[in-house]
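Chemist: One file: data01.csv (CSV, C-alpha atoms).
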chain,number,residue,atom,x,y,z
A,1,MET,CA,4.9,-11.3,-10.1
A,2,TYR,CA,4.4,-8.0,-8.3
A,3,ARG,CA,3.5,-5.2,-10.7
A,4,PRO,CA,3.4,-1.9,-8.8
A,5,THR,CA,3.2,0.3,-11.9
A,6,HIS,CA,0.2,-1.6,-13.2
A,7,LYS,CA,-1.4,-1.3,-9.8
A,8,ILE,CA,-1.4,2.5,-10.0
A,9,THR,CA,-3.0,2.4,-13.5
A,10,PHE,CA,-5.7,0.1,-12.2
A,11,ILE,CA,-6.6,2.2,-9.1
A,12,LEU,CA,-6.7,5.4,-11.1
A,13,LEU,CA,-8.9,3.9,-13.8
A,14,PHE,CA,-11.2,2.4,-11.3
A,15,ALA,CA,-11.5,5.8,-9.5
A,16,CYS,CA,-12.4,7.4,-12.8
A,17,PHE,CA,-15.1,4.8,-13.5
A,18,PHE,CA,-16.8,4.9,-10.1
A,19,GLY,CA,-16.0,8.2,-8.5
A,20,THR,CA,-13.6,11.1,-8.1
A,21,ILE,CA,-10.3,11.3,-6.3
A,22,LYS,CA,-10.5,13.9,-3.5
A,23,ALA,CA,-7.6,14.9,-1.2
A,24,GLU,CA,-8.7,15.8,2.3
A,25,GLY,CA,-9.0,19.6,2.5
A,26,GLN,CA,-7.6,20.1,-1.0
A,27,TYR,CA,-8.3,19.1,-4.6
A,28,PHE,CA,-5.4,18.3,-7.0
A,29,SER,CA,-6.0,19.5,-10.5
A,30,PHE,CA,-3.4,18.5,-13.0
A,31,HIS,CA,-3.0,16.6,-16.2
A,32,HIS,CA,0.4,15.1,-16.1
A,33,LEU,CA,3.5,15.1,-13.9
A,34,ASN,CA,6.9,13.9,-15.2
A,35,THR,CA,10.6,14.7,-15.1
A,36,SER,CA,10.1,17.9,-17.2
A,37,ASN,CA,8.3,19.5,-14.3
A,38,GLY,CA,10.3,18.1,-11.4
A,39,LEU,CA,9.5,14.4,-10.9
A,40,SER,CA,12.6,12.5,-10.1
A,41,GLU,CA,11.7,9.6,-12.5
A,42,ASN,CA,8.8,8.8,-14.7
A,43,ASN,CA,8.4,5.2,-13.6
A,44,VAL,CA,6.0,5.6,-10.7
A,45,GLN,CA,5.4,2.6,-8.4
A,46,SER,CA,3.3,3.9,-5.5
A,47,VAL,CA,1.3,7.0,-4.5
A,48,THR,CA,-0.4,8.1,-1.3
A,49,ILE,CA,-2.1,11.3,-0.1
A,50,ASP,CA,-1.4,12.6,3.4
A,51,LYS,CA,-4.0,14.2,5.7
A,52,LYS,CA,-2.9,17.7,4.6
A,53,GLY,CA,-3.6,16.9,1.0
A,54,PHE,CA,-0.1,16.5,-0.3
A,55,LEU,CA,0.5,13.9,-2.9
A,56,TRP,CA,3.5,11.6,-2.2
A,57,ILE,CA,4.9,9.8,-5.3
A,58,GLY,CA,7.3,6.9,-5.0
A,59,THR,CA,9.4,6.1,-8.1
A,60,VAL,CA,12.2,3.7,-9.1
A,61,ASP,CA,14.6,6.6,-8.4
A,62,GLY,CA,13.4,8.8,-5.6
A,63,LEU,CA,10.5,10.0,-3.4
A,64,ASN,CA,8.6,13.1,-4.5
A,65,VAL,CA,6.0,15.3,-2.8
A,66,TYR,CA,3.6,17.4,-4.9
A,67,ASP,CA,1.8,20.4,-3.2
A,68,GLY,CA,-0.4,21.3,-6.1
A,69,TYR,CA,2.2,23.8,-7.4
A,70,SER,CA,5.7,22.2,-7.3
A,71,ILE,CA,7.5,19.0,-6.5
A,72,THR,CA,10.1,18.3,-3.8
A,73,THR,CA,12.3,15.3,-4.2
A,74,TYR,CA,14.0,13.2,-1.5
A,75,LYS,CA,16.8,10.6,-2.1
A,76,LYS,CA,18.9,8.5,0.1
A,77,GLU,CA,22.0,10.5,-0.8
A,78,THR,CA,20.6,13.4,1.2
A,79,GLN,CA,18.3,11.5,3.6
A,80,ARG,CA,20.4,8.7,5.0
A,81,ALA,CA,17.4,7.0,6.7
A,82,ILE,CA,15.8,6.2,3.3
A,83,PRO,CA,16.8,2.6,2.6
A,84,SER,CA,16.7,2.8,-1.2
A,85,ASN,CA,15.7,5.3,-3.9
A,86,ASN,CA,13.5,2.5,-5.4
A,87,ILE,CA,10.2,3.0,-3.6
A,88,ILE,CA,7.9,0.0,-4.1
A,89,HIS,CA,5.1,0.9,-1.7
A,90,MET,CA,3.9,3.8,0.4
A,91,THR,CA,1.1,4.4,2.9
A,92,CYS,CA,-0.1,7.2,5.1
A,93,ASP,CA,-1.2,6.0,8.6
A,94,ASN,CA,-3.8,7.6,10.9
A,95,ARG,CA,-1.1,9.6,12.6
A,96,ASN,CA,-0.2,11.2,9.3
A,97,ARG,CA,3.1,9.4,9.0
A,98,ILE,CA,4.3,8.3,5.6
A,99,TRP,CA,5.7,4.8,5.3
A,100,LEU,CA,8.1,3.7,2.6
A,101,GLY,CA,8.6,0.1,1.6
A,102,THR,CA,11.7,-0.8,-0.5
A,103,TYR,CA,13.8,-3.8,-1.4
A,104,GLU,CA,16.4,-2.6,1.1
A,105,GLY,CA,14.2,-1.9,4.1
A,106,VAL,CA,11.6,0.5,5.5
A,107,ALA,CA,11.5,4.1,6.6
A,108,TRP,CA,8.8,6.4,8.0
A,109,ILE,CA,8.4,10.2,7.8
A,110,ASP,CA,6.9,12.3,10.6
A,111,GLU,CA,4.9,15.4,10.2
A,112,ASN,CA,8.1,17.5,10.4
A,113,ARG,CA,9.4,15.5,7.4
A,114,ILE,CA,12.1,13.9,9.5
A,115,PHE,CA,13.0,10.4,8.2
A,116,HIS,CA,13.3,7.4,10.5
A,117,ARG,CA,14.7,3.9,9.6
A,118,VAL,CA,13.0,0.8,10.8
A,119,ILE,CA,15.1,-1.8,12.6
A,120,LEU,CA,13.8,-5.4,13.0
A,121,ASN,CA,15.0,-8.0,15.5
A,122,ASP,CA,17.1,-5.4,17.3
A,123,SER,CA,19.7,-5.2,14.5
A,124,VAL,CA,18.3,-5.9,11.0
A,125,SER,CA,17.7,-2.9,8.8
A,126,LYS,CA,18.1,-4.5,5.4
A,127,PHE,CA,15.1,-6.6,4.2
A,128,VAL,CA,12.4,-6.5,1.5
A,129,CYS,CA,9.1,-4.9,2.3
A,130,ARG,CA,6.3,-5.4,-0.3
A,131,THR,CA,3.5,-3.5,1.5
A,132,ILE,CA,2.6,-1.6,4.6
A,133,GLN,CA,-1.0,-1.6,5.8
A,134,ASP,CA,-2.4,0.5,8.6
A,135,THR,CA,-4.7,-1.2,11.1
A,136,LYS,CA,-6.5,0.0,14.2
A,137,VAL,CA,-5.5,-2.9,16.4
A,138,TYR,CA,-1.8,-3.1,15.5
A,139,GLY,CA,-1.0,0.3,13.8
A,140,PRO,CA,1.1,-0.1,10.7
A,141,VAL,CA,1.8,-3.7,9.8
A,142,LEU,CA,5.0,-4.3,7.7
A,143,TYR,CA,4.8,-7.2,5.2
A,144,THR,CA,8.4,-8.2,4.8
A,145,SER,CA,10.6,-11.0,3.7
A,146,LEU,CA,11.1,-11.8,7.4
A,147,GLY,CA,7.4,-12.0,8.2
A,148,GLN,CA,4.7,-9.4,9.2
A,149,TYR,CA,5.7,-7.0,12.0
A,150,PHE,CA,4.0,-4.4,14.1
A,151,PHE,CA,5.5,-1.9,16.6
A,152,ASN,CA,4.8,-2.8,20.2
A,153,GLU,CA,4.4,0.6,21.9
A,154,GLU,CA,4.8,-0.8,25.4
A,155,LYS,CA,8.1,-2.6,24.6
A,156,GLN,CA,9.2,0.1,22.1
A,157,LYS,CA,10.2,-2.5,19.6
A,158,TRP,CA,9.0,-4.2,16.4
A,159,GLU,CA,7.5,-7.7,17.0
A,160,ARG,CA,6.6,-10.4,14.5
A,161,LEU,CA,3.0,-11.5,14.1
A,162,GLY,CA,3.2,-15.3,14.5
A,163,TRP,CA,-0.4,-16.1,13.6
A,164,ILE,CA,-0.4,-15.0,10.0
A,165,PRO,CA,-2.1,-17.7,7.8
A,166,GLN,CA,0.0,-19.8,5.5
A,167,GLN,CA,-2.2,-18.8,2.5
A,168,ILE,CA,-0.5,-15.4,2.4
A,169,LYS,CA,3.1,-16.6,2.6
A,170,TYR,CA,5.5,-13.9,1.4
A,171,GLU,CA,6.5,-15.9,-1.7
A,172,ARG,CA,2.9,-16.0,-2.9
A,173,PHE,CA,2.1,-12.3,-2.4
A,174,HIS,CA,0.8,-10.2,-5.3
A,175,ASP,CA,-1.1,-7.2,-3.8
A,176,ALA,CA,-2.8,-5.7,-0.7
A,177,GLU,CA,-5.2,-2.9,0.0
A,178,PRO,CA,-7.3,-1.9,3.1
A,179,PHE,CA,-10.9,-3.1,3.4
A,180,ASP,CA,-11.8,-1.5,6.8
A,181,GLU,CA,-9.9,-0.3,9.9
A,182,ASN,CA,-8.8,-3.9,10.8
A,183,GLN,CA,-9.3,-5.9,7.6
A,184,ILE,CA,-6.8,-6.1,4.7
A,185,ILE,CA,-7.5,-7.5,1.2
A,186,TYR,CA,-4.7,-9.7,-0.1
A,187,ALA,CA,-4.1,-11.2,-3.5
A,188,THR,CA,-1.7,-14.2,-3.9
A,189,ASP,CA,-0.8,-16.2,-7.0
A,190,SER,CA,-4.1,-18.2,-6.6
A,191,LEU,CA,-6.4,-16.5,-4.0
A,192,VAL,CA,-8.0,-13.3,-3.0
A,193,MET,CA,-8.8,-13.0,0.7
A,194,ILE,CA,-9.6,-10.6,3.5
A,195,LEU,CA,-7.6,-11.0,6.7
A,196,ASP,CA,-9.1,-9.6,9.9
A,197,TYR,CA,-6.3,-8.5,12.2
A,198,ALA,CA,-8.7,-8.0,15.2
A,199,GLN,CA,-10.1,-11.5,14.9
A,200,ARG,CA,-6.8,-13.0,13.6
A,201,LYS,CA,-8.5,-15.0,10.9
A,202,VAL,CA,-9.4,-15.0,7.2
A,203,VAL,CA,-13.0,-13.8,6.8
A,204,TYR,CA,-13.3,-14.1,3.0
A,205,GLU,CA,-11.4,-16.3,0.6
A,206,GLN,CA,-12.0,-17.1,-3.1
A,207,PRO,CA,-9.8,-18.6,-5.9
A,208,PHE,CA,-8.5,-16.1,-8.5
A,209,THR,CA,-5.6,-16.3,-10.9
A,210,ALA,CA,-3.7,-13.7,-12.8
A,211,VAL,CA,-4.5,-10.9,-10.3
A,212,PHE,CA,-2.3,-7.9,-10.6
A,213,SER,CA,-4.2,-5.4,-8.4
A,214,LEU,CA,-7.4,-5.0,-6.3
A,215,CYS,CA,-9.2,-2.5,-4.0
A,216,LYS,CA,-12.5,-2.1,-2.1
A,217,ALA,CA,-15.5,-1.3,-4.3
A,218,SER,CA,-18.2,-1.1,-1.7
A,219,ASP,CA,-18.9,-2.4,1.8
A,220,HIS,CA,-19.5,-5.9,0.3
A,221,GLU,CA,-17.6,-5.8,-3.0
A,222,LEU,CA,-14.0,-6.0,-4.3
A,223,ALA,CA,-12.7,-4.7,-7.6
A,224,ILE,CA,-10.1,-7.1,-8.9
A,225,GLY,CA,-7.9,-6.3,-11.8
A,226,LEU,CA,-6.7,-9.3,-13.9
A,227,GLN,CA,-3.7,-9.4,-16.1
A,228,HIS,CA,-5.7,-9.9,-19.3
A,229,GLY,CA,-7.2,-6.4,-18.9
A,230,VAL,CA,-10.5,-7.2,-17.1
A,231,VAL,CA,-11.8,-5.8,-13.9
A,232,GLU,CA,-14.1,-8.1,-12.0
A,233,ILE,CA,-16.4,-7.0,-9.1
A,234,ALA,CA,-16.5,-9.8,-6.5
A,235,ASP,CA,-19.4,-9.9,-3.9
A,236,ILE,CA,-17.8,-11.2,-0.7
A,237,ASN,CA,-21.1,-12.3,0.7
A,238,THR,CA,-22.3,-14.4,-2.3
A,239,LYS,CA,-18.9,-15.0,-3.9
A,240,LYS,CA,-20.5,-14.2,-7.3
A,241,ASN,CA,-18.5,-12.1,-9.7
A,242,LYS,CA,-19.3,-9.7,-12.6
A,243,GLN,CA,-17.2,-7.7,-15.0
A,244,ALA,CA,-17.0,-3.9,-14.2
A,245,ILE,CA,-18.7,-1.8,-16.9
A,246,PRO,CA,-17.7,1.9,-16.8
A,247,ASP,CA,-20.6,4.4,-16.7
A,248,HIS,CA,-19.8,6.9,-19.5
A,249,GLN,CA,-23.1,8.8,-19.1
Take the structure in the file and write it out as structure tokens.

Modeler:
Amino acid sequence: MYRPTHKITFILLFACFFGTIKAEGQYFSFHHLNTSNGLSENNVQSVTIDKKGFLWIGTVDGLNVYDGYSITTYKKETQRAIPSNNIIHMTCDNRNRIWLGTYEGVAWIDENRIFHRVILNDSVSKFVCRTIQDTKVYGPVLYTSLGQYFFNEEKQKWERLGWIPQQIKYERFHDAEPFDENQIIYATDSLVMILDYAQRKVVYEQPFTAVFSLCKASDHELAIGLQHGVVEIADINTKKNKQAIPDHQ
């Protein structure tokens, strides 16, 4: 089962253990954000930081932007291109566009904060999107209930990627995070793998169960959060694993 709230907890804890979170051009210094200081809902499901250092926060009831001082909230009632107020995934691409994945469709936001709705197959605007991953070869790739899609700039339309391996069928999806500019880490109900979009093939695959979140730990390691409260570090070259031990010194 997809657990976006647990995902945020894992990523933040991992960052605290092994490094510091830095926004490009700006540091965020705060202890807690909630509805008392402007957040639309306390149940946060996804966060991303844009290239200007603004923190975007997706909740079960609205999209929020924090500039280090105050919060601006956007909802579908005032921004009709937003498919749903229940934001389950966000990403910032290399063109500084913010992408929103929801159970009702996808929208993206340009640098002027104008919202745009994604239309698939010429007419379909309502579909589930579990994750959006930016790649160099395809640009943003939408992982949807209808398949994985990219925007063909020449044809000016969204096209389905027909070569996606069966191992990462939509029904088995748990989580995804970037590994490099063309490689995405995926977790399913039984596997963790790295899919190379430039080569169109799986370049790493290892059985895991009870994965609720993961991320890149180094150029040859993955940090994998398991549902029983353990973070394992997996070496993608040797396929040997070890438990992550926080450095408190």

Chemist: With all atoms listed in the file as the basis for distance, which of A:Gln227, A:Ser218, A:Val192, A:Val60 is at the shortest distance from Lys239 in chain A?

Modeler: A:Val192

Chemist: Would you compute the distance between CA of Lys52 in chain A and CA of Ile119 in chain A? Give it in Å to one decimal.

Modeler: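 Answer for the CA of Lys52 in chain A to CA of Ile119 in chain A separation: 27.7 Å.
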
Chemist: As a PyMOL selection string, please: the residues near Phe151 in chain A (cut-off 8 Å, all atoms listed in the file, same-chain neighbours under 6 positions excluded).

Modeler: chain A and resi 138-141+157-159

Chemist: Considering only C-alpha atoms, can you say which of A:Arg97, A:His89, A:Arg80, A:Lys75 comes closest to Gly58 in chain A?

Modeler: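 With only C-alpha atoms as the atom set, the closest residue is A:His89.
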
Chemist: What separation in Å, quoted to one decimal, exists between CA of Val106 in chain A and CA of Asp175 in chain A?

Modeler: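 Computing it gives 17.5 Å between the two atoms.
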
Chemist: Distance CA of Leu214 in chain A-CA of Arg117 in chain A, one decimal place?

Modeler: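 Straight-line distance from CA of Leu214 in chain A to CA of Arg117 in chain A works out to 28.6 Å.
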
Chemist: For range 126-130 of chain A, find every residue with an atom within 6 Å (counting only C-alpha atoms), except residues of its own chain fewer than 5 positions away, and show them as a list in words.

Modeler: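 After dropping sequence-adjacent residues, the list is Gly101, Thr102, Tyr103, Glu104, Gly105, Tyr143, Thr144 and Ser145 of chain A.
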
Chemist: Could you check which of A:Ala244, A:Leu55, A:Ala81, A:Ile114 is closest to Tyr69 in chain A, using all atoms listed in the file?

Modeler: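 Among A:Ala244, A:Leu55, A:Ala81, A:Ile114, it is A:Leu55 that comes nearest to Tyr69 in chain A.
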
Chemist: List the neighbours of Glu177 in chain A out to 9 Å using only C-alpha atoms; skip same-chain residues closer than 4 positions along the sequence, and give me the result as a VMD selection string.

Modeler: chain A and resid 131 133 184 to 186 213 to 216

Chemist: May I have the residues from that selection written out with C-alpha atoms, as a PDB file, in the frame of the given file?

Modeler:
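Resulting contents of result31.pdb:
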ATOM      1  CA  THR A 131       3.500  -3.500   1.500  1.00  0.00           C
ATOM      2  CA  GLN A 133      -1.000  -1.600   5.800  1.00  0.00           C
ATOM      3  CA  ILE A 184      -6.800  -6.100   4.700  1.00  0.00           C
ATOM      4  CA  ILE A 185      -7.500  -7.500   1.200  1.00  0.00           C
ATOM      5  CA  TYR A 186      -4.700  -9.700  -0.100  1.00  0.00           C
ATOM      6  CA  SER A 213      -4.200  -5.400  -8.400  1.00  0.00           C
ATOM      7  CA  LEU A 214      -7.400  -5.000  -6.300  1.00  0.00           C
ATOM      8  CA  CYS A 215      -9.200  -2.500  -4.000  1.00  0.00           C
ATOM      9  CA  LYS A 216     -12.500  -2.100  -2.100  1.00  0.00           C
TER      10      LYS A 216
END

Chemist: Of the candidates A:Trp99, A:Asn94, A:Ile82, A:Thr59, which shows the shortest atom-to-atom distance to Glu181 in chain A, using all atoms listed in the file?

Modeler: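 Nearest to Glu181 in chain A: A:Asn94.
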
Chemist: Compile the contact shell of Tyr66 in chain A as a list in words: residues with an atom at most 9 Å away, counting all atoms listed in the file, same-chain residues fewer than 6 positions apart removed.

Modeler: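 My reading of the contact set: Leu39, Phe54, Leu55, Trp56, Ile57, Thr72 and Thr73 of chain A.
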
Chemist: For each of A:Met193, A:Val124, A:Val47, A:Ile109, take the minimum atom-to-atom distance to Asn64 in chain A, counting all atoms listed in the file, then give the residue where this is smallest.

Modeler: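 Checking each of A:Met193, A:Val124, A:Val47, A:Ile109 against Asn64 in chain A, counting all atoms listed in the file, the winner is A:Val47.
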
Chemist: Point out the residue among A:Arg113, A:Leu191, A:Ser36, A:Ala217 with the least atom-to-atom distance to Lys169 in chain A, counting all atoms listed in the file.

Modeler: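 The answer is A:Leu191, which sits nearest to Lys169 in chain A.
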